[in-house]
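upload-v4.txt, holding compact mmCIF, C-alpha atoms and all ligand atoms:
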# COMPACT_ATOMS: atom_id res chain seq x y z
CA MET A 1 -206.52 26.08 62.42
CA ALA A 2 -209.21 26.04 59.72
CA GLY A 3 -210.23 24.14 56.58
CA ILE A 4 -210.97 24.87 52.94
CA TYR A 5 -213.49 22.72 51.06
CA ILE A 6 -213.64 22.97 47.26
CA HIS A 7 -216.73 21.56 45.61
CA ILE A 8 -216.04 20.28 42.08
CA PRO A 9 -219.57 19.67 40.83
CA PHE A 10 -218.87 17.61 37.70
CA CYS A 11 -219.74 13.92 37.32
CA LYS A 12 -219.49 11.83 34.15
CA LYS A 13 -222.46 9.69 35.15
CA LEU A 14 -225.28 10.11 37.63
CA CYS A 15 -225.39 7.62 40.52
CA HIS A 16 -228.95 6.59 41.33
CA TYR A 17 -228.67 7.39 45.06
CA CYS A 18 -226.72 10.64 45.14
CA ASP A 19 -228.13 14.10 45.86
CA PHE A 20 -224.86 15.95 46.39
CA TYR A 21 -224.93 18.90 44.01
CA HIS A 22 -223.51 17.76 40.68
CA VAL A 23 -223.96 18.23 36.95
CA VAL A 24 -223.32 15.55 34.39
CA SER A 25 -220.86 17.23 32.10
CA THR A 26 -217.67 16.85 30.15
CA ASP A 27 -217.47 20.60 29.49
CA ASP A 28 -214.35 22.66 29.66
CA HIS A 29 -213.54 23.72 33.24
CA THR A 30 -211.86 27.07 32.48
CA ASP A 31 -214.78 29.32 33.47
CA PHE A 32 -215.42 27.31 36.59
CA ILE A 33 -211.78 27.54 37.73
CA SER A 34 -211.80 31.31 37.14
CA ALA A 35 -214.94 31.52 39.29
CA LEU A 36 -213.34 29.44 42.06
CA MET A 37 -210.34 31.76 42.03
CA LYS A 38 -212.54 34.85 42.27
CA GLU A 39 -214.41 33.30 45.17
CA ALA A 40 -211.12 32.48 46.95
CA GLU A 41 -210.10 36.14 46.58
CA ILE A 42 -213.46 37.39 47.86
CA LYS A 43 -213.21 35.09 50.87
CA GLN A 44 -209.55 35.55 51.71
CA ASN A 45 -210.34 37.52 54.86
CA TYR A 46 -213.38 35.47 55.84
CA LEU A 47 -211.52 33.78 58.70
CA GLY A 48 -209.16 36.61 59.61
CA LYS A 49 -205.62 35.40 60.23
CA GLU A 50 -206.63 31.77 60.83
CA THR A 51 -204.13 29.37 59.25
CA ILE A 52 -205.33 26.56 57.01
CA SER A 53 -204.62 23.03 58.23
CA THR A 54 -206.77 21.08 55.74
CA VAL A 55 -207.81 21.40 52.10
CA TYR A 56 -210.45 19.01 50.74
CA PHE A 57 -211.35 18.56 47.06
CA GLY A 58 -214.82 17.00 47.16
CA GLY A 59 -217.75 16.71 44.88
CA GLY A 60 -219.12 15.80 42.54
CA THR A 61 -216.00 14.18 41.19
CA PRO A 62 -212.79 16.18 41.68
CA SER A 63 -210.86 13.54 39.75
CA VAL A 64 -212.42 14.86 36.51
CA PHE A 65 -209.95 17.74 36.98
CA THR A 66 -206.56 17.29 35.35
CA VAL A 67 -203.45 17.56 37.50
CA ASN A 68 -202.81 20.97 35.90
CA GLU A 69 -206.28 22.19 36.85
CA LEU A 70 -205.84 21.02 40.43
CA GLU A 71 -202.39 22.59 40.58
CA THR A 72 -203.70 25.94 39.30
CA THR A 73 -206.44 25.87 41.94
CA LEU A 74 -204.05 24.91 44.75
CA LYS A 75 -201.48 27.54 43.76
CA HIS A 76 -204.18 30.16 43.95
CA LEU A 77 -205.15 28.99 47.43
CA TYR A 78 -201.50 29.14 48.55
CA LYS A 79 -201.35 32.70 47.23
CA HIS A 80 -204.39 33.87 49.17
CA PHE A 81 -204.41 31.83 52.39
CA PRO A 82 -201.81 31.04 55.07
CA ILE A 83 -201.64 27.30 54.40
CA GLU A 84 -199.70 25.32 57.01
CA ASN A 85 -196.65 23.29 55.89
CA ASP A 86 -198.10 19.95 56.98
CA CYS A 87 -201.57 20.72 55.64
CA GLU A 88 -203.74 17.62 55.00
CA ILE A 89 -204.77 17.85 51.33
CA THR A 90 -207.44 15.32 50.34
CA ILE A 91 -208.98 14.48 46.97
CA GLU A 92 -212.00 12.27 46.34
CA LEU A 93 -211.29 9.91 43.45
CA ASN A 94 -213.51 7.87 41.18
CA PRO A 95 -211.73 4.56 40.39
CA ASP A 96 -212.44 5.10 36.70
CA ASP A 97 -210.31 8.28 36.62
CA VAL A 98 -207.30 6.81 38.36
CA PHE A 99 -204.14 5.76 36.53
CA PRO A 100 -200.46 5.75 37.60
CA GLU A 101 -199.38 8.95 35.84
CA TYR A 102 -202.35 10.88 37.22
CA LEU A 103 -201.59 9.67 40.74
CA LYS A 104 -197.94 10.61 40.43
CA GLY A 105 -199.08 14.07 39.32
CA LEU A 106 -201.32 14.38 42.40
CA LYS A 107 -198.42 13.46 44.65
CA ASP A 108 -196.14 15.95 42.92
CA ILE A 109 -198.54 18.80 43.72
CA ASN A 110 -198.59 17.77 47.41
CA ILE A 111 -201.99 16.10 47.59
CA ASN A 112 -201.32 13.72 50.48
CA ARG A 113 -204.64 11.97 51.16
CA THR A 114 -206.91 10.11 48.74
CA SER A 115 -210.50 8.97 49.20
CA LEU A 116 -211.58 6.32 46.69
CA GLY A 117 -215.30 5.71 46.07
CA ILE A 118 -215.48 1.93 45.68
CA GLN A 119 -218.94 1.38 47.27
CA SER A 120 -219.05 -2.39 46.56
CA TRP A 121 -216.82 -5.15 45.17
CA TYR A 122 -219.76 -6.70 43.24
CA ASP A 123 -220.37 -5.59 39.67
CA GLU A 124 -224.11 -6.19 39.98
CA ASP A 125 -224.25 -3.73 42.93
CA LEU A 126 -222.19 -1.18 41.00
CA LYS A 127 -224.58 -1.50 38.04
CA MET A 128 -227.60 -1.16 40.28
CA LEU A 129 -226.11 1.99 41.84
CA ASN A 130 -225.18 3.22 38.32
CA ARG A 131 -221.50 3.61 39.18
CA ARG A 132 -219.19 4.05 36.20
CA HIS A 133 -216.42 1.73 37.44
CA THR A 134 -216.17 -2.06 37.83
CA ALA A 135 -214.93 -4.02 40.83
CA GLU A 136 -211.71 -4.97 39.05
CA GLY A 137 -211.23 -1.35 38.01
CA ALA A 138 -211.47 -0.39 41.68
CA ALA A 139 -208.93 -3.05 42.69
CA LYS A 140 -206.49 -1.77 40.06
CA ALA A 141 -207.07 1.85 41.15
CA LEU A 142 -206.46 1.02 44.80
CA ASP A 143 -203.31 -0.94 43.93
CA ASP A 144 -202.05 1.98 41.87
CA ILE A 145 -202.72 4.45 44.71
CA ILE A 146 -200.72 2.27 47.11
CA LYS A 147 -197.90 1.72 44.59
CA THR A 148 -197.65 5.48 43.99
CA GLY A 149 -196.67 5.80 47.63
CA PHE A 150 -199.76 7.42 49.14
CA ASP A 151 -199.80 6.53 52.83
CA ASN A 152 -203.08 8.14 53.90
CA ILE A 153 -205.69 6.28 51.87
CA SER A 154 -209.41 6.11 52.51
CA VAL A 155 -212.05 3.95 50.84
CA ASP A 156 -215.82 4.58 50.68
CA LEU A 157 -218.27 1.68 50.87
CA ILE A 158 -222.07 1.65 50.99
CA TYR A 159 -224.18 -0.90 52.85
CA GLY A 160 -227.90 -1.32 53.39
CA ILE A 161 -228.38 -1.57 49.63
CA PRO A 162 -231.03 -3.88 48.15
CA GLY A 163 -229.57 -7.22 47.17
CA LEU A 164 -226.70 -6.98 49.62
CA ASN A 165 -226.88 -9.67 52.29
CA ILE A 166 -224.70 -10.24 55.30
CA GLU A 167 -222.37 -12.65 53.46
CA ARG A 168 -221.77 -10.24 50.61
CA TRP A 169 -221.31 -7.33 52.99
CA ALA A 170 -218.78 -9.44 54.94
CA SER A 171 -216.85 -10.11 51.78
CA ASN A 172 -217.00 -6.41 50.77
CA ILE A 173 -215.40 -5.45 54.09
CA ASP A 174 -212.90 -8.33 53.97
CA ARG A 175 -211.73 -7.52 50.46
CA THR A 176 -211.34 -3.84 51.38
CA LEU A 177 -209.25 -4.72 54.42
CA THR A 178 -206.84 -6.88 52.37
CA PHE A 179 -205.45 -3.59 50.99
CA ASP A 180 -202.98 -1.46 52.91
CA ILE A 181 -205.39 1.40 53.65
CA GLN A 182 -205.54 3.66 56.67
CA HIS A 183 -209.16 4.82 56.64
CA LEU A 184 -212.62 3.50 55.80
CA SER A 185 -215.87 5.43 55.40
CA ALA A 186 -218.91 3.15 55.24
CA TYR A 187 -222.30 4.77 54.76
CA HIS A 188 -225.71 3.22 55.09
CA LEU A 189 -227.62 3.96 51.87
CA THR A 190 -229.98 6.87 52.39
CA ILE A 191 -232.84 7.33 49.98
CA GLU A 192 -233.00 10.98 48.95
CA PRO A 193 -236.26 12.28 47.43
CA GLY A 194 -234.74 13.85 44.30
CA THR A 195 -232.75 10.78 43.22
CA LEU A 196 -233.86 7.93 40.98
CA PHE A 197 -234.09 5.62 44.02
CA GLY A 198 -236.18 8.25 45.83
CA LYS A 199 -238.55 8.55 42.87
CA MET A 200 -238.81 4.76 42.53
CA MET A 201 -239.54 4.44 46.23
CA LYS A 202 -242.36 6.97 45.95
CA LYS A 203 -243.92 4.77 43.27
CA GLY A 204 -243.44 1.66 45.43
CA ARG A 205 -240.81 0.23 43.08
CA PHE A 206 -237.90 0.35 45.50
CA LYS A 207 -237.79 -1.37 48.85
CA GLU A 208 -235.40 -0.22 51.57
CA THR A 209 -233.35 -2.79 53.43
CA ASP A 210 -235.19 -3.82 56.57
CA GLU A 211 -233.96 -2.57 59.92
CA GLU A 212 -232.83 -5.95 61.23
CA GLU A 213 -230.57 -6.48 58.20
CA SER A 214 -229.22 -2.91 58.45
CA VAL A 215 -228.36 -3.35 62.12
CA ALA A 216 -226.66 -6.70 61.40
CA GLU A 217 -224.58 -5.10 58.62
CA PHE A 218 -223.61 -2.17 60.87
CA ASN A 219 -222.59 -4.55 63.69
CA LEU A 220 -220.50 -6.62 61.33
CA LEU A 221 -218.82 -3.49 60.00
CA ILE A 222 -217.79 -2.39 63.50
CA GLU A 223 -216.60 -5.89 64.41
CA LYS A 224 -214.52 -6.41 61.28
CA ALA A 225 -213.08 -2.91 61.09
CA GLU A 226 -212.04 -2.97 64.75
CA ALA A 227 -210.51 -6.45 64.32
CA GLY A 228 -208.57 -4.99 61.38
CA GLY A 229 -207.01 -2.33 63.63
CA PHE A 230 -209.36 0.56 62.79
CA ILE A 231 -210.85 2.84 65.42
CA HIS A 232 -214.54 3.64 65.06
CA TYR A 233 -214.22 7.39 65.57
CA GLU A 234 -217.48 8.53 63.95
CA ILE A 235 -220.67 6.64 63.08
CA SER A 236 -219.60 6.13 59.44
CA ASN A 237 -215.82 6.51 59.80
CA PHE A 238 -212.99 4.25 60.86
CA GLY A 239 -209.31 5.15 60.96
CA LYS A 240 -206.04 3.52 61.94
CA PRO A 241 -204.42 5.41 64.86
CA GLY A 242 -203.08 8.74 63.59
CA TYR A 243 -205.13 8.56 60.37
CA PHE A 244 -208.50 10.05 61.24
CA SER A 245 -209.65 12.58 58.65
CA VAL A 246 -208.46 15.88 60.13
CA HIS A 247 -210.73 17.82 57.77
CA ASN A 248 -213.93 16.02 58.77
CA THR A 249 -212.96 15.81 62.45
CA ASN A 250 -212.62 19.59 62.42
CA TYR A 251 -216.19 19.92 61.09
CA TRP A 252 -217.40 17.81 63.99
CA LYS A 253 -215.41 19.93 66.44
CA GLN A 254 -216.96 23.22 65.26
CA ILE A 255 -213.68 24.46 63.76
CA PRO A 256 -214.28 27.12 61.08
CA TYR A 257 -213.98 26.42 57.37
CA ILE A 258 -214.35 28.10 54.02
CA GLY A 259 -216.33 26.40 51.26
CA LEU A 260 -215.67 27.26 47.63
CA GLY A 261 -217.83 26.22 44.66
CA PRO A 262 -221.55 25.83 44.04
CA SER A 263 -223.49 24.51 47.07
CA ALA A 264 -220.40 24.73 49.33
CA HIS A 265 -220.96 25.81 52.95
CA SER A 266 -218.75 28.11 55.01
CA PHE A 267 -218.72 28.52 58.79
CA ASN A 268 -216.90 31.17 60.82
CA GLY A 269 -218.05 30.23 64.31
CA TYR A 270 -220.96 32.73 64.30
CA SER A 271 -222.78 32.21 61.04
CA ARG A 272 -223.12 29.68 58.28
CA GLN A 273 -223.46 30.55 54.61
CA TRP A 274 -223.95 28.42 51.54
CA ASN A 275 -223.43 29.12 47.86
CA ILE A 276 -226.18 28.74 45.33
CA PRO A 277 -226.33 25.11 44.12
CA ASN A 278 -226.33 26.13 40.48
CA LEU A 279 -223.13 26.01 38.43
CA LYS A 280 -224.29 28.41 35.72
CA LYS A 281 -225.46 31.08 38.15
CA TYR A 282 -222.43 30.58 40.40
CA THR A 283 -220.06 31.15 37.47
CA LYS A 284 -222.08 34.00 35.94
CA TYR A 285 -222.25 35.97 39.21
CA LEU A 286 -218.57 35.56 39.92
CA LYS A 287 -217.75 36.87 36.44
CA GLU A 288 -219.27 40.09 37.77
CA ASP A 289 -217.32 39.77 41.07
CA LYS A 290 -220.49 38.83 42.93
CA LEU A 291 -221.18 35.82 45.09
CA PHE A 292 -224.69 34.39 45.33
CA PHE A 293 -225.20 32.86 48.78
CA GLU A 294 -227.62 32.50 51.64
CA LYS A 295 -226.65 33.05 55.25
CA GLU A 296 -227.86 32.08 58.67
CA GLU A 297 -226.68 33.77 61.89
CA LEU A 298 -226.44 30.98 64.43
CA ASP A 299 -228.34 31.64 67.65
CA LEU A 300 -227.37 29.79 70.81
CA LYS A 301 -230.04 27.11 70.34
CA THR A 302 -228.95 26.37 66.77
CA LYS A 303 -225.31 26.19 67.90
CA PHE A 304 -226.32 23.84 70.70
CA ASN A 305 -228.25 21.56 68.35
CA GLU A 306 -225.41 21.52 65.83
CA TYR A 307 -222.96 20.65 68.59
CA ILE A 308 -225.13 17.76 69.84
CA LEU A 309 -225.75 16.48 66.31
CA THR A 310 -222.07 16.30 65.43
CA SER A 311 -220.49 15.42 68.77
CA LEU A 312 -222.82 12.54 69.58
CA ARG A 313 -221.83 10.80 66.36
CA THR A 314 -218.16 10.77 67.37
CA MET A 315 -216.16 8.64 69.80
CA TRP A 316 -215.40 11.78 71.85
CA GLY A 317 -219.11 12.37 72.47
CA ILE A 318 -220.59 15.40 74.24
CA ASP A 319 -217.95 17.28 76.22
CA LEU A 320 -219.75 18.43 79.36
CA GLU A 321 -217.15 21.10 80.17
CA TYR A 322 -217.56 22.57 76.69
CA VAL A 323 -221.34 22.49 77.09
CA GLU A 324 -221.11 24.32 80.42
CA ASN A 325 -218.81 26.99 78.97
CA ALA A 326 -220.61 27.49 75.67
CA PHE A 327 -224.24 26.96 76.68
CA GLU A 328 -224.15 27.88 80.35
CA LYS A 329 -226.08 26.21 83.13
CA GLU A 330 -229.28 25.91 81.12
CA GLY A 331 -227.58 23.89 78.35
CA TYR A 332 -225.65 21.77 80.85
CA ASP A 333 -228.76 20.89 82.90
CA TYR A 334 -230.69 20.09 79.73
CA VAL A 335 -228.00 17.64 78.57
CA ILE A 336 -227.69 15.96 81.96
CA ASN A 337 -231.48 15.54 82.20
CA MET A 338 -231.72 14.09 78.69
CA ALA A 339 -228.78 11.75 79.14
CA GLY A 340 -230.22 10.02 82.22
CA LYS A 341 -232.77 8.00 80.28
CA PHE A 342 -230.29 6.90 77.59
CA ILE A 343 -227.71 5.91 80.23
CA ASN A 344 -230.36 3.79 81.98
CA TYR A 345 -231.20 2.03 78.70
CA GLY A 346 -227.51 1.24 78.09
CA LEU A 347 -227.45 3.46 74.99
CA MET A 348 -225.01 6.01 76.43
CA VAL A 349 -222.24 6.09 79.01
CA GLN A 350 -220.59 8.89 80.92
CA LYS A 351 -216.78 8.66 80.83
CA GLU A 352 -215.27 11.34 83.04
CA LYS A 353 -216.61 14.60 81.58
CA SER A 354 -217.99 13.12 78.33
CA LEU A 355 -221.25 11.47 77.26
CA ILE A 356 -220.63 8.80 74.64
CA LEU A 357 -222.94 6.47 72.72
CA THR A 358 -222.48 2.74 73.31
CA ASN A 359 -222.47 0.44 70.25
CA GLN A 360 -226.16 -0.20 70.94
CA GLY A 361 -226.74 3.58 71.03
CA LYS A 362 -224.86 4.05 67.75
CA MET A 363 -227.43 1.76 66.04
CA ILE A 364 -230.18 4.28 66.76
CA SER A 365 -228.05 7.42 66.87
CA ASP A 366 -230.46 9.38 64.63
CA ASN A 367 -233.32 8.82 67.10
CA ILE A 368 -231.18 9.75 70.09
CA VAL A 369 -229.87 12.89 68.39
CA SER A 370 -233.38 14.01 67.46
CA GLU A 371 -234.59 13.53 71.04
CA PHE A 372 -231.70 15.67 72.23
CA MET A 373 -232.54 18.59 69.93
CA MET A 374 -233.68 21.70 71.79
CA PRO A 375 -236.97 22.82 70.30
CA GLY A 376 -236.77 26.17 68.47
CA LYS A 377 -239.20 29.10 68.45
CA ASN A 378 -241.39 27.53 65.75
CA ASP A 379 -241.40 23.93 66.99
C1 LIG A 401 -220.68 12.58 47.17
S1 LIG A 401 -219.57 11.29 46.91
C2 LIG A 401 -218.22 12.11 46.18
C3 LIG A 401 -217.09 11.19 45.75
C4 LIG A 401 -217.11 10.64 44.34
N1 LIG A 401 -217.91 11.37 43.46
C5 LIG A 401 -217.57 9.22 44.36
O1 LIG A 401 -218.69 8.97 43.97
O2 LIG A 401 -216.78 8.39 44.75
C6 LIG A 401 -218.95 10.86 48.51
C7 LIG A 401 -219.50 9.57 49.07
O3 LIG A 401 -220.79 9.78 49.58
C8 LIG A 401 -221.45 8.54 49.67
N2 LIG A 401 -222.86 8.76 49.35
C9 LIG A 401 -223.39 9.68 48.53
N3 LIG A 401 -224.74 9.61 48.52
C10 LIG A 401 -225.08 8.62 49.38
C11 LIG A 401 -226.32 8.04 49.82
N4 LIG A 401 -227.49 8.48 49.34
N5 LIG A 401 -226.27 7.04 50.71
C12 LIG A 401 -225.10 6.59 51.19
N6 LIG A 401 -223.90 7.07 50.81
C13 LIG A 401 -223.88 8.07 49.92
C14 LIG A 401 -220.74 7.59 48.69
O4 LIG A 401 -220.14 6.55 49.40
C15 LIG A 401 -219.68 8.46 48.07
O5 LIG A 401 -218.48 7.78 47.89
S1 LIG A 402 -221.73 9.47 44.18
FE1 LIG A 402 -220.03 10.66 43.37
S2 LIG A 402 -219.95 10.12 41.15
FE2 LIG A 402 -221.92 9.48 41.90
S3 LIG A 402 -223.30 11.18 41.37
FE3 LIG A 402 -222.60 11.46 43.54
S4 LIG A 402 -220.86 12.77 43.40
FE4 LIG A 402 -221.21 11.98 41.31

Once more with this new file: its structure as structure tokens, please.
Ligand SMILES: C[S@@+](CC[C@H](N)C(=O)[O-])C[C@H]1O[C@@H](n2cnc3c(N)ncnc32)[C@H](O)[C@@H]1O
Ligand code: SF4
Amino acid sequence: MAGIYIHIPFCKKLCHYCDFYHVVSTDDHTDFISALMKEAEIKQNYLGKETISTVYFGGGTPSVFTVNELETTLKHLYKHFPIENDCEITIELNPDDVFPEYLKGLKDININRTSLGIQSWYDEDLKMLNRRHTAEGAAKALDDIIKTGFDNISVDLIYGIPGLNIERWASNIDRTLTFDIQHLSAYHLTIEPGTLFGKMMKKGRFKETDEEESVAEFNLLIEKAEAGGFIHYEISNFGKPGYFSVHNTNYWKQIPYIGLGPSAHSFNGYSRQWNIPNLKKYTKYLKEDKLFFEKEELDLKTKFNEYILTSLRTMWGIDLEYVENAFEKEGYDYVINMAGKFINYGLMVQKEKSLILTNQGKMISDNIVSEFMMPGKND
């Protein structure tokens, strides 16, 4: 059981908040697809005989690829990897790229999960974020996805954005939940240094949403999503029963994956490696059958910290049996000692052999996670 992530780095417009690796381009994709194929060949033995249970086209904006381009890429993956019959195959879609024929094409090539980046149902928010779609465009796209017969549909929303208040956030969630969707990812806006928002903030021209408002929006999100039949299975993710993202859940459960494309990460259980976040160099090197990447061997402490970071954000929490097996008595004692304080404050509970954040704990999960981190050699 393993995953393949394909990073399609093209965007037609630059969103003011986003620092995922992307280039604004309408160039031909031929060279890039050839490079992806070369990389897939180079990495075909990276995970040994592990079968592939999920494929995820992310970005950037994978929906700038035509159905033919996606099909060519997928066929190549089928040729080089043992892909399971019921593999979850996801594509991230920009509402502006979605139309019925395109969706039918995606279904015909066995893409069975869609993730639509709506972000907000207010045009003024979309403008402020510099999205290229409108609210009505998003409604039409979501309708079309449902009508095409997709039955594993996710929507992305963003909260904690300036100008959004609790009433508007309530109506963003409500409108989303009127559609027959199975999954919702809702992210609090993070201000990244290299983005326009980050630069504006540095100059004092952008004010982050205050903490009280953020907490109120997060609470409302949990309340409304749960009332709508969604399970809060990770800090930013909600799924109807049976519809959690298998691909992302596997990341959080330390299951290995292969990343293809510029900036993509790969993980084989022992080391992590990441491709150069530069499309030109990525393509140029692969033309010469070379892959430009950096690599980190994961020592026990790093593995421990990664496990805490990901597991604490999920509804399954820290598995104490796993900790004892993987990190021995030292790791186990460390976790138990740390947890005591958070349990006393009502931020964490122990359920059988797991330590899980309460809703109150989820509000300050970043602080709890950072307190749990085992200091490294240089800290
Ligand atoms: C990297 S995008 C890729 C999907 C596609 N390009 C799109 O924009 O819909 C995946 C999701 O990450 C979220 N995202 C990206 N940057 C973010 C930020 N700084 N704060 C909060 N959410 C962010 C957005 O909700 C977006 O839909
Ligand atoms: S949010 Fe999506 S469309 Fe916007 S810049 Fe990032 S990857 Fe591109």

As a CSV table (one decimal) with C-alpha atoms, in the coordinates of the input, please: every protein or nucleic acid residue near ligand LIG 401 (chain A) (cut-off 8 Å, counting all atoms listed in the file).
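Now in pocket-v2.csv:
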chain,number,residue,atom,x,y,z
A,11,CYS,CA,-219.7,13.9,37.3
A,15,CYS,CA,-225.4,7.6,40.5
A,17,TYR,CA,-228.7,7.4,45.1
A,18,CYS,CA,-226.7,10.6,45.1
A,19,ASP,CA,-228.1,14.1,45.9
A,20,PHE,CA,-224.9,16.0,46.4
A,58,GLY,CA,-214.8,17.0,47.2
A,59,GLY,CA,-217.8,16.7,44.9
A,60,GLY,CA,-219.1,15.8,42.5
A,61,THR,CA,-216.0,14.2,41.2
A,62,PRO,CA,-212.8,16.2,41.7
A,92,GLU,CA,-212.0,12.3,46.3
A,93,LEU,CA,-211.3,9.9,43.4
A,94,ASN,CA,-213.5,7.9,41.2
A,95,PRO,CA,-211.7,4.6,40.4
A,115,SER,CA,-210.5,9.0,49.2
A,116,LEU,CA,-211.6,6.3,46.7
A,117,GLY,CA,-215.3,5.7,46.1
A,118,ILE,CA,-215.5,1.9,45.7
A,119,GLN,CA,-218.9,1.4,47.3
A,131,ARG,CA,-221.5,3.6,39.2
A,156,ASP,CA,-215.8,4.6,50.7
A,157,LEU,CA,-218.3,1.7,50.9
A,158,ILE,CA,-222.1,1.6,51.0
A,159,TYR,CA,-224.2,-0.9,52.8
A,185,SER,CA,-215.9,5.4,55.4
A,186,ALA,CA,-218.9,3.2,55.2
A,187,TYR,CA,-222.3,4.8,54.8
A,188,HIS,CA,-225.7,3.2,55.1
A,189,LEU,CA,-227.6,4.0,51.9
A,190,THR,CA,-230.0,6.9,52.4
A,191,ILE,CA,-232.8,7.3,50.0
A,192,GLU,CA,-233.0,11.0,49.0

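Atom pair atom CA of Ile91 of chain A / atom CA of Leu70 of chain A has a distance of 9.8 Å (rounded to one decimal).
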
Exercise. Check the smallest atom-to-atom distance from each of A:Leu347, A:Asn359, A:Glu136, A:Leu129 to Leu221 of chain A using all atoms listed in the file, then report the winner.
Key: A:Asn359

Practice problem: Pick out the closest residue to ligand LIG 402 (chain A) from this set: A:Ser53, A:Gln44, A:Thr249, A:Ser63. Count only C-alpha atoms and all ligand atoms. | Solution: A:Ser63

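Take atom CA of Phe292 of chain A and atom CA of Ile276 of chain A: the distance between them is 5.8 Å.
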
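Taking atom CA of Asp86 of chain A and atom CA of Val55 of chain A as the two end points, the separation is 11.0 Å.
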
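Proximity to segment 325-331 of chain A at 9 Å, evaluated using all atoms listed in the file and with sequence-adjacent residues fewer than 6 positions away removed, yields Leu300, Lys301, Lys303 and Phe304 of chain A.
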
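With distances taken over only C-alpha atoms and all ligand atoms, A:Asp97 is the one residue among A:Glu212, A:Glu217, A:Asp27, A:Asp97 lying closest to ligand LIG 402 (chain A).
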
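Take the candidates A:Tyr334, A:Tyr233, A:Phe81, A:Tyr285 and check each one against Met374 of chain A using all atoms listed in the file; the shortest distance goes to A:Tyr334.
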
Exercise. Give me the residues within 6 Å of Ile4 of chain A as a PyMOL selection string, counting all atoms listed in the file and dropping any in the same chain fewer than 5 places off.
Key: chain A and resi 55+257-259

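Among A:Trp316, A:Tyr46, A:Phe57, A:Trp169, the residue with the shortest atom-to-atom distance to Ile8 of chain A, counting all atoms listed in the file, is A:Phe57.
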
Quiz item: What lies within 8 Å of Ile89 of chain A using only C-alpha atoms, ignoring chain neighbours under 2 positions off, as an MDAnalysis selection string?
Solution: chainID A and resid 54:57 87 91 110:113

Self-check item: A:Ala264, A:Asn152, A:Lys207, A:Trp274 ranked by distance to Gly239 of chain A, top pick (using all atoms listed in the file)
Solution: A:Asn152

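All residues of protein, DNA or RNA that reach within 12 Å of Arg205 of chain A, judged by all atoms listed in the file and not counting those fewer than 6 positions away in the chain, are Pro162, Leu196, Phe197, Gly198 and Lys199 of chain A.
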
Identify the residues around (-220.5, -5.1, 39.4) within a radius of 8 Å, measuring from all atoms listed in the file in the coordinates stated by the file, and give them as a short mmCIF file (atom, residue, chain, number, x, y, z; two decimals) with C-alpha atoms, keeping the file's coordinate frame.
data_model
loop_
_atom_site.label_atom_id
_atom_site.label_comp_id
_atom_site.auth_asym_id
_atom_site.auth_seq_id
_atom_site.Cartn_x
_atom_site.Cartn_y
_atom_site.Cartn_z
CA SER A 120 -219.05 -2.39 46.56
CA TRP A 121 -216.82 -5.15 45.17
CA TYR A 122 -219.76 -6.70 43.24
CA ASP A 123 -220.37 -5.59 39.67
CA GLU A 124 -224.11 -6.19 39.98
CA ASP A 125 -224.25 -3.73 42.93
CA LEU A 126 -222.19 -1.18 41.00
CA LYS A 127 -224.58 -1.50 38.04
CA THR A 134 -216.17 -2.06 37.83
CA ALA A 135 -214.93 -4.02 40.83
#

Exercise. Using all atoms listed in the file, find all polymer residues with an atom at most 8 Å away from the point (-226.4, 0.9, 64.6); report them as a VMD selection string.
Key: chain A and resid 214 to 215 218 to 219 359 to 365

At a cut-off of 12 Å, using all atoms listed in the file, what residues contact Glu101 of chain A? Leave out same-chain residues fewer than 5 positions from it and give the result as a tab-separated table (two decimals) with C-alpha atoms, keeping the file's coordinate frame.
chain	number	residue	atom	x	y	z
A	66	THR	CA	-206.56	17.29	35.35
A	67	VAL	CA	-203.45	17.56	37.50
A	106	LEU	CA	-201.32	14.38	42.40
A	107	LYS	CA	-198.42	13.46	44.65
A	108	ASP	CA	-196.14	15.95	42.92
A	141	ALA	CA	-207.07	1.85	41.15
A	144	ASP	CA	-202.05	1.98	41.87
A	145	ILE	CA	-202.72	4.45	44.71
A	147	LYS	CA	-197.90	1.72	44.59
A	148	THR	CA	-197.65	5.48	43.99
